[in-house]
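Q: Below is the file coords_29.pdb, which contains PDB, C-alpha atoms.
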ATOM      1  CA  MET A   1     190.482 144.612  74.897
ATOM      2  CA  GLU A   2     191.283 146.282  71.624
ATOM      3  CA  TYR A   3     190.748 143.332  69.315
ATOM      4  CA  GLU A   4     189.533 145.568  66.497
ATOM      5  CA  SER A   5     192.893 147.347  66.542
ATOM      6  CA  LEU A   6     194.790 144.050  66.728
ATOM      7  CA  CYS A   7     192.831 142.759  63.738
ATOM      8  CA  GLU A   8     193.626 145.909  61.758
ATOM      9  CA  GLN A   9     197.307 145.557  62.610
ATOM     10  CA  ILE A  10     197.529 141.903  61.579
ATOM     11  CA  GLN A  11     195.676 142.728  58.343
ATOM     12  CA  SER A  12     198.299 145.394  57.555
ATOM     13  CA  LEU A  13     201.137 143.019  58.394
ATOM     14  CA  ALA A  14     199.607 140.328  56.159
ATOM     15  CA  GLU A  15     199.349 142.771  53.274
ATOM     16  CA  ALA A  16     203.038 143.660  53.705
ATOM     17  CA  GLU A  17     204.202 140.012  53.915
ATOM     18  CA  PRO A  18     201.729 137.138  53.530
ATOM     19  CA  HIS A  19     204.240 134.269  53.960
ATOM     20  CA  TYR A  20     203.231 132.452  57.127
ATOM     21  CA  VAL A  21     206.579 132.333  58.969
ATOM     22  CA  PRO A  22     207.235 136.085  59.270
ATOM     23  CA  LEU A  23     203.518 136.788  59.565
ATOM     24  CA  LEU A  24     203.025 134.352  62.457
ATOM     25  CA  ALA A  25     206.197 135.638  64.140
ATOM     26  CA  ASN A  26     204.810 139.172  64.034
ATOM     27  CA  ALA A  27     201.354 137.954  65.077
ATOM     28  CA  ALA A  28     202.815 136.245  68.168
ATOM     29  CA  ALA A  29     204.790 139.381  69.069
ATOM     30  CA  LEU A  30     201.744 141.587  68.524
ATOM     31  CA  LEU A  31     199.530 139.496  70.819
ATOM     32  CA  TYR A  32     202.225 138.980  73.454
ATOM     33  CA  ASP A  33     202.853 142.718  73.640
ATOM     34  CA  ALA A  34     199.209 143.862  73.499
ATOM     35  CA  LEU A  35     197.397 141.419  75.779
ATOM     36  CA  PRO A  36     197.967 141.704  79.529
ATOM     37  CA  ASP A  37     198.876 138.845  81.859
ATOM     38  CA  LEU A  38     200.383 136.425  79.324
ATOM     39  CA  ASN A  39     203.428 134.243  79.653
ATOM     40  CA  TRP A  40     203.303 132.616  76.194
ATOM     41  CA  ALA A  41     201.740 133.424  72.821
ATOM     42  CA  GLY A  42     202.452 131.531  69.654
ATOM     43  CA  PHE A  43     201.629 128.905  67.112
ATOM     44  CA  TYR A  44     201.844 125.178  66.576
ATOM     45  CA  LEU A  45     201.639 123.940  62.979
ATOM     46  CA  MET A  46     200.518 120.574  61.627
ATOM     47  CA  ARG A  47     203.259 118.286  60.378
ATOM     48  CA  GLY A  48     201.886 114.874  59.538
ATOM     49  CA  ASN A  49     199.760 113.712  62.461
ATOM     50  CA  ARG A  50     201.145 116.078  65.113
ATOM     51  CA  LEU A  51     201.600 119.721  65.949
ATOM     52  CA  VAL A  52     205.116 121.177  65.754
ATOM     53  CA  LEU A  53     206.261 124.369  67.450
ATOM     54  CA  GLY A  54     206.047 127.467  65.258
ATOM     55  CA  PRO A  55     206.752 131.151  65.860
ATOM     56  CA  PHE A  56     206.146 132.264  69.461
ATOM     57  CA  CYS A  57     207.008 134.693  72.261
ATOM     58  CA  GLY A  58     207.717 133.382  75.743
ATOM     59  CA  LYS A  59     209.757 130.705  77.466
ATOM     60  CA  VAL A  60     211.087 127.586  75.784
ATOM     61  CA  ALA A  61     208.170 125.408  74.706
ATOM     62  CA  CYS A  62     207.265 121.817  73.892
ATOM     63  CA  ILE A  63     208.319 121.004  70.337
ATOM     64  CA  HIS A  64     205.881 118.217  69.402
ATOM     65  CA  ILE A  65     202.281 117.714  70.495
ATOM     66  CA  ALA A  66     200.269 114.702  69.402
ATOM     67  CA  LEU A  67     196.715 115.241  68.175
ATOM     68  CA  GLY A  68     194.287 114.735  71.035
ATOM     69  CA  LYS A  69     196.948 115.440  73.686
ATOM     70  CA  GLY A  70     196.940 118.513  75.905
ATOM     71  CA  VAL A  71     194.865 121.603  75.185
ATOM     72  CA  CYS A  72     196.522 122.280  71.809
ATOM     73  CA  GLY A  73     196.239 118.718  70.515
ATOM     74  CA  THR A  74     192.642 118.474  71.716
ATOM     75  CA  ALA A  75     191.622 121.783  70.095
ATOM     76  CA  ALA A  76     193.243 120.671  66.833
ATOM     77  CA  SER A  77     191.653 117.211  66.841
ATOM     78  CA  GLN A  78     188.212 118.589  67.772
ATOM     79  CA  ASN A  79     188.583 121.544  65.376
ATOM     80  CA  GLN A  80     187.264 123.980  67.971
ATOM     81  CA  THR A  81     188.456 126.781  70.203
ATOM     82  CA  LEU A  82     189.154 125.707  73.765
ATOM     83  CA  VAL A  83     189.197 128.091  76.722
ATOM     84  CA  VAL A  84     190.610 126.432  79.829
ATOM     85  CA  SER A  85     190.325 128.308  83.134
ATOM     86  CA  ASP A  86     192.588 125.885  85.026
ATOM     87  CA  VAL A  87     194.989 123.884  82.874
ATOM     88  CA  HIS A  88     195.967 121.706  85.834
ATOM     89  CA  ALA A  89     192.420 120.284  85.842
ATOM     90  CA  PHE A  90     192.466 119.595  82.070
ATOM     91  CA  PRO A  91     192.804 115.854  81.357
ATOM     92  CA  GLY A  92     196.168 115.163  79.741
ATOM     93  CA  HIS A  93     197.480 118.715  80.158
ATOM     94  CA  ILE A  94     201.061 119.073  78.913
ATOM     95  CA  ALA A  95     203.018 121.277  81.309
ATOM     96  CA  CYS A  96     205.568 123.019  79.080
ATOM     97  CA  ASP A  97     205.731 125.898  81.589
ATOM     98  CA  SER A  98     204.618 125.232  85.166
ATOM     99  CA  ALA A  99     203.771 128.948  85.534
ATOM    100  CA  SER A 100     200.850 128.606  83.083
ATOM    101  CA  ASN A 101     197.466 128.327  84.779
ATOM    102  CA  SER A 102     194.972 129.122  82.010
ATOM    103  CA  GLU A 103     195.009 128.776  78.244
ATOM    104  CA  ILE A 104     193.114 129.543  75.062
ATOM    105  CA  VAL A 105     193.721 127.646  71.816
ATOM    106  CA  VAL A 106     192.181 128.623  68.467
ATOM    107  CA  PRO A 107     192.446 126.303  65.431
ATOM    108  CA  ILE A 108     193.759 127.693  62.142
ATOM    109  CA  ARG A 109     192.056 126.224  59.089
ATOM    110  CA  GLN A 110     192.764 126.118  55.361
ATOM    111  CA  GLY A 111     190.835 124.160  52.786
ATOM    112  CA  GLY A 112     188.499 122.797  55.444
ATOM    113  CA  LYS A 113     191.231 121.248  57.587
ATOM    114  CA  VAL A 114     193.162 122.306  60.666
ATOM    115  CA  ILE A 115     196.703 123.343  59.722
ATOM    116  CA  GLY A 116     197.738 124.718  63.101
ATOM    117  CA  VAL A 117     196.654 126.461  66.281
ATOM    118  CA  LEU A 118     197.133 129.773  68.043
ATOM    119  CA  ASP A 119     198.044 129.007  71.658
ATOM    120  CA  ILE A 120     198.063 131.617  74.431
ATOM    121  CA  ASP A 121     198.925 130.907  78.074
ATOM    122  CA  SER A 122     198.557 132.970  81.227
ATOM    123  CA  PRO A 123     199.776 132.619  84.805
ATOM    124  CA  ILE A 124     196.347 133.961  85.886
ATOM    125  CA  TYR A 125     193.563 131.424  86.459
ATOM    126  CA  ALA A 126     190.435 132.059  84.318
ATOM    127  CA  ARG A 127     192.308 134.773  82.372
ATOM    128  CA  PHE A 128     190.435 134.308  79.076
ATOM    129  CA  SER A 129     186.865 135.530  78.521
ATOM    130  CA  ASP A 130     184.233 135.235  75.803
ATOM    131  CA  GLU A 131     185.550 138.574  74.508
ATOM    132  CA  ASP A 132     189.013 137.003  74.179
ATOM    133  CA  ARG A 133     187.539 133.986  72.381
ATOM    134  CA  THR A 134     185.626 136.134  69.905
ATOM    135  CA  GLY A 135     188.516 138.554  69.385
ATOM    136  CA  LEU A 136     191.127 135.853  68.880
ATOM    137  CA  GLU A 137     188.879 133.874  66.532
ATOM    138  CA  SER A 138     188.517 137.053  64.433
ATOM    139  CA  PHE A 139     192.299 137.558  64.569
ATOM    140  CA  VAL A 140     192.890 133.979  63.385
ATOM    141  CA  GLY A 141     190.209 134.446  60.715
ATOM    142  CA  ILE A 142     192.301 137.217  59.180
ATOM    143  CA  LEU A 143     195.339 134.923  59.159
ATOM    144  CA  GLU A 144     193.257 132.205  57.485
ATOM    145  CA  GLN A 145     192.116 134.621  54.774
ATOM    146  CA  THR A 146     195.388 136.419  54.101
ATOM    147  CA  ALA A 147     198.384 134.232  54.972
ATOM    148  CA  ASP A 148     200.197 132.123  52.401
ATOM    149  CA  PHE A 149     200.448 128.848  54.301
ATOM    150  CA  GLY A 150     201.977 127.117  51.268
ATOM    151  CA  GLU A 151     202.908 123.550  52.092
ATOM    152  CA  LEU A 152     200.737 123.455  55.220
ATOM    153  CA  ARG A 153     197.521 123.344  53.176
TER
END
Could you write out this structure as structure tokens?
A:
Amino acid sequence: MEYESLCEQIQSLAEAEPHYVPLLANAAALLYDALPDLNWAGFYLMRGNRLVLGPFCGKVACIHIALGKGVCGTAASQNQTLVVSDVHAFPGHIACDSASNSEIVVPIRQGGKVIGVLDIDSPIYARFSDEDRTGLESFVGILEQTADFGELR
């Protein structure tokens, strides 16, 4: 995977427009287009005590996710990246799209707290590797350093 190139591209996009809405929209499109075997790539953002759907590419998605629920809510509440090879075996999995079989979720942090997550789904079981984890954590790290998350902080 060309994560170095993806990181360079998101850095350039952030320099052109650091506001989080257009930046996350372009980030979702960039990942969805560049990574093979995906059926959803996007963001959920913290609003109060739950995650709310943000910019994404893919089919219609769940709008609200409680902390601790599903892969996204669990990654946010535990403040750690989760790689799930079979989402159907994940306790409390939320099936927004029945075609999704594996998932990776990376928390986005500002000021020491989780303000959202990057969520990527695939119809392929065990689609996401350690290389994906490392690459996507670096990608999110650039967003954390460059994006103007304003009221989400």
Q: Env of A:Asn26: 9 Å cut, atoms = only C-alpha atoms, seq-sep filter 3 positions within chain, self excluded. Answer as JSON, numbers by chain.
A: {"A": [10, 13, 21, 22, 23, 29, 30, 31, 55, 56]}
Q: Which residues, protein or nucleic acid, reach to within 8 Å of (195.6, 121.8, 63.1) in the file's coordinates when using all atoms listed in the file, and can you give that as a PyMOL selection string?
A: chain A and resi 44-46+51+76-77+79+107-109+113-117
Q: Give as a PDB file with C-alpha atoms, keeping the file's coordinate frame the residues that the PyMOL selection byres ((chain A and resi 151) around 12) matches when applied to the coordinates above.
A:
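And here's out29.pdb as it stands now:
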ATOM      1  CA  HIS A  19     204.240 134.269  53.960  1.00  0.00           C
ATOM      2  CA  TYR A  20     203.231 132.452  57.127  1.00  0.00           C
ATOM      3  CA  VAL A  21     206.579 132.333  58.969  1.00  0.00           C
ATOM      4  CA  LEU A  45     201.639 123.940  62.979  1.00  0.00           C
ATOM      5  CA  MET A  46     200.518 120.574  61.627  1.00  0.00           C
ATOM      6  CA  ARG A  47     203.259 118.286  60.378  1.00  0.00           C
ATOM      7  CA  GLY A  48     201.886 114.874  59.538  1.00  0.00           C
ATOM      8  CA  GLN A 110     192.764 126.118  55.361  1.00  0.00           C
ATOM      9  CA  ILE A 115     196.703 123.343  59.722  1.00  0.00           C
ATOM     10  CA  ALA A 147     198.384 134.232  54.972  1.00  0.00           C
ATOM     11  CA  ASP A 148     200.197 132.123  52.401  1.00  0.00           C
ATOM     12  CA  PHE A 149     200.448 128.848  54.301  1.00  0.00           C
ATOM     13  CA  GLY A 150     201.977 127.117  51.268  1.00  0.00           C
ATOM     14  CA  LEU A 152     200.737 123.455  55.220  1.00  0.00           C
ATOM     15  CA  ARG A 153     197.521 123.344  53.176  1.00  0.00           C
TER      16      ARG A 153
END
Q: Please, what distance in Å, to one decimal, runs between atom CA of A:Leu6 and atom CA of A:Gly54?
A: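 A separation of 20.1 Å between them.
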Q: Write out as JSON lines a residue-level contact list of stretch 60-92 of chain A versus stretch 122-146 of chain A with cut-off 7 Å: for each qualifying residue the closest pair of atoms and the distance in Å to one decimal, counting all atoms listed in the file, rows sorted by chain and residue number upward.
A:
{"residue": "A:Val83", "atom": "CA", "partner": "A:Phe128", "partner_atom": "CA", "distance": 6.8}
{"residue": "A:Ser85", "atom": "CA", "partner": "A:Ala126", "partner_atom": "CA", "distance": 3.9}
{"residue": "A:Asp86", "atom": "CA", "partner": "A:Tyr125", "partner_atom": "CA", "distance": 5.8}
Q: A:Ala89, A:Ala41, A:Ala27, A:Ile63: which is nearest A:Val105, counting all atoms listed in the file?
A: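 Result for the nearest residue to A:Val105: A:Ala41.
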Q: Could you work out how far atom CA of A:Asp121 lies from atom CA of A:Val84, giving the answer in Å with one decimal?
A: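 So the answer is 9.6 Å.
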Q: Figure out the distance between atom CA of A:Asn49 and atom CA of A:Ser98, please, to one decimal in Å.
A: 25.9 Å
Q: Using only C-alpha atoms for the distances, tell me which of A:Leu24, A:Val106, A:Ile94, A:Leu38 is nearest to A:Cys62.
A: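 Between A:Leu24, A:Val106, A:Ile94, A:Leu38, the residue approaching A:Cys62 most closely is A:Ile94.
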Q: Using only C-alpha atoms for the distances, tell me which of A:Phe43, A:His88, A:Gly68, A:Ala75 is nearest to A:Leu118.
A: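 Checking each of A:Phe43, A:His88, A:Gly68, A:Ala75 against A:Leu118, counting only C-alpha atoms, the winner is A:Phe43.
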Q: Box time for stretch 19-37 of chain A: axis-aligned, enclosing all its listed atoms, 4 Å extra on each side; report centre and edge lengths in Å to one decimal, as lines of an AutoDock Vina configuration file.
A:
center_x = 202.3
center_y = 138.1
center_z = 67.9
size_x = 17.8
size_y = 19.5
size_z = 35.9
Q: On this structure, which residues satisfy the PyMOL selection byres ((chain A and resi 58) around 6), written as a VMD selection string?
A: chain A and resid 39 to 40 57 59
Q: From the options A:Asp119, A:Glu8, A:Glu2, A:Asp33, which residue's atoms come nearest to A:Thr74, counting all atoms listed in the file?
A: A:Asp119
Q: For stretch 111-135 of chain A, supply N, CA, C and O atoms and format the output as an mmCIF file, in the frame of the given file.
A:
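New file out02.cif:
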data_model
loop_
_atom_site.group_PDB
_atom_site.id
_atom_site.type_symbol
_atom_site.label_atom_id
_atom_site.label_comp_id
_atom_site.auth_asym_id
_atom_site.auth_seq_id
_atom_site.Cartn_x
_atom_site.Cartn_y
_atom_site.Cartn_z
ATOM 1 N N GLY A 111 191.408 125.228 53.590
ATOM 2 C CA GLY A 111 190.835 124.160 52.786
ATOM 3 C C GLY A 111 190.011 123.174 53.584
ATOM 4 O O GLY A 111 189.998 121.982 53.283
ATOM 5 N N GLY A 112 189.359 123.650 54.643
ATOM 6 C CA GLY A 112 188.499 122.797 55.444
ATOM 7 C C GLY A 112 189.203 121.927 56.463
ATOM 8 O O GLY A 112 188.562 121.121 57.127
ATOM 9 N N LYS A 113 190.525 122.065 56.596
ATOM 10 C CA LYS A 113 191.231 121.248 57.587
ATOM 11 C C LYS A 113 192.071 122.125 58.507
ATOM 12 O O LYS A 113 192.475 123.227 58.159
ATOM 13 N N VAL A 114 192.332 121.599 59.695
ATOM 14 C CA VAL A 114 193.162 122.306 60.666
ATOM 15 C C VAL A 114 194.614 122.188 60.231
ATOM 16 O O VAL A 114 195.118 121.076 60.000
ATOM 17 N N ILE A 115 195.288 123.340 60.107
ATOM 18 C CA ILE A 115 196.703 123.343 59.722
ATOM 19 C C ILE A 115 197.595 123.834 60.862
ATOM 20 O O ILE A 115 198.814 123.834 60.747
ATOM 21 N N GLY A 116 196.975 124.246 61.957
ATOM 22 C CA GLY A 116 197.738 124.718 63.101
ATOM 23 C C GLY A 116 196.819 125.282 64.157
ATOM 24 O O GLY A 116 195.589 125.230 64.021
ATOM 25 N N VAL A 117 197.426 125.824 65.220
ATOM 26 C CA VAL A 117 196.654 126.461 66.281
ATOM 27 C C VAL A 117 197.397 127.692 66.785
ATOM 28 O O VAL A 117 198.629 127.745 66.762
ATOM 29 N N LEU A 118 196.622 128.668 67.239
ATOM 30 C CA LEU A 118 197.133 129.773 68.043
ATOM 31 C C LEU A 118 196.975 129.337 69.487
ATOM 32 O O LEU A 118 195.888 128.922 69.890
ATOM 33 N N ASP A 119 198.040 129.431 70.253
ATOM 34 C CA ASP A 119 198.044 129.007 71.658
ATOM 35 C C ASP A 119 198.497 130.182 72.515
ATOM 36 O O ASP A 119 199.544 130.778 72.241
ATOM 37 N N ILE A 120 197.706 130.533 73.521
ATOM 38 C CA ILE A 120 198.063 131.617 74.431
ATOM 39 C C ILE A 120 197.874 131.129 75.859
ATOM 40 O O ILE A 120 196.838 130.583 76.210
ATOM 41 N N ASP A 121 198.923 131.340 76.677
ATOM 42 C CA ASP A 121 198.925 130.907 78.074
ATOM 43 C C ASP A 121 199.032 132.109 79.003
ATOM 44 O O ASP A 121 199.626 133.131 78.647
ATOM 45 N N SER A 122 198.486 131.928 80.208
ATOM 46 C CA SER A 122 198.557 132.970 81.227
ATOM 47 C C SER A 122 198.855 132.357 82.587
ATOM 48 O O SER A 122 198.385 131.251 82.883
ATOM 49 N N PRO A 123 199.586 133.084 83.436
ATOM 50 C CA PRO A 123 199.776 132.619 84.805
ATOM 51 C C PRO A 123 198.554 132.885 85.687
ATOM 52 O O PRO A 123 198.483 132.419 86.815
ATOM 53 N N ILE A 124 197.564 133.609 85.157
ATOM 54 C CA ILE A 124 196.347 133.961 85.886
ATOM 55 C C ILE A 124 195.270 132.908 85.608
ATOM 56 O O ILE A 124 194.984 132.601 84.450
ATOM 57 N N TYR A 125 194.679 132.345 86.650
ATOM 58 C CA TYR A 125 193.563 131.424 86.459
ATOM 59 C C TYR A 125 192.388 132.171 85.831
ATOM 60 O O TYR A 125 192.155 133.344 86.139
ATOM 61 N N ALA A 126 191.641 131.505 84.962
ATOM 62 C CA ALA A 126 190.435 132.059 84.318
ATOM 63 C C ALA A 126 190.720 133.394 83.632
ATOM 64 O O ALA A 126 189.892 134.288 83.628
ATOM 65 N N ARG A 127 191.891 133.522 83.011
ATOM 66 C CA ARG A 127 192.308 134.773 82.372
ATOM 67 C C ARG A 127 191.490 135.097 81.123
ATOM 68 O O ARG A 127 191.260 136.257 80.803
ATOM 69 N N PHE A 128 191.025 134.086 80.390
ATOM 70 C CA PHE A 128 190.435 134.308 79.076
ATOM 71 C C PHE A 128 188.907 134.288 79.123
ATOM 72 O O PHE A 128 188.298 133.392 79.679
ATOM 73 N N SER A 129 188.308 135.304 78.501
ATOM 74 C CA SER A 129 186.865 135.530 78.521
ATOM 75 C C SER A 129 186.244 135.214 77.161
ATOM 76 O O SER A 129 186.950 134.895 76.193
ATOM 77 N N ASP A 130 184.922 135.362 77.088
ATOM 78 C CA ASP A 130 184.233 135.235 75.803
ATOM 79 C C ASP A 130 184.707 136.312 74.836
ATOM 80 O O ASP A 130 184.796 136.067 73.628
ATOM 81 N N GLU A 131 185.014 137.502 75.359
ATOM 82 C CA GLU A 131 185.550 138.574 74.508
ATOM 83 C C GLU A 131 186.886 138.150 73.901
ATOM 84 O O GLU A 131 187.140 138.390 72.716
ATOM 85 N N ASP A 132 187.736 137.503 74.701
ATOM 86 C CA ASP A 132 189.013 137.003 74.179
ATOM 87 C C ASP A 132 188.769 135.948 73.104
ATOM 88 O O ASP A 132 189.409 135.966 72.049
ATOM 89 N N ARG A 133 187.845 135.032 73.366
ATOM 90 C CA ARG A 133 187.539 133.986 72.381
ATOM 91 C C ARG A 133 187.098 134.612 71.056
ATOM 92 O O ARG A 133 187.659 134.298 70.002
ATOM 93 N N THR A 134 186.147 135.506 71.115
ATOM 94 C CA THR A 134 185.626 136.134 69.905
ATOM 95 C C THR A 134 186.715 136.943 69.198
ATOM 96 O O THR A 134 186.869 136.857 67.975
ATOM 97 N N GLY A 135 187.464 137.725 69.968
ATOM 98 C CA GLY A 135 188.516 138.554 69.385
ATOM 99 C C GLY A 135 189.621 137.739 68.751
ATOM 100 O O GLY A 135 190.087 138.053 67.642
#
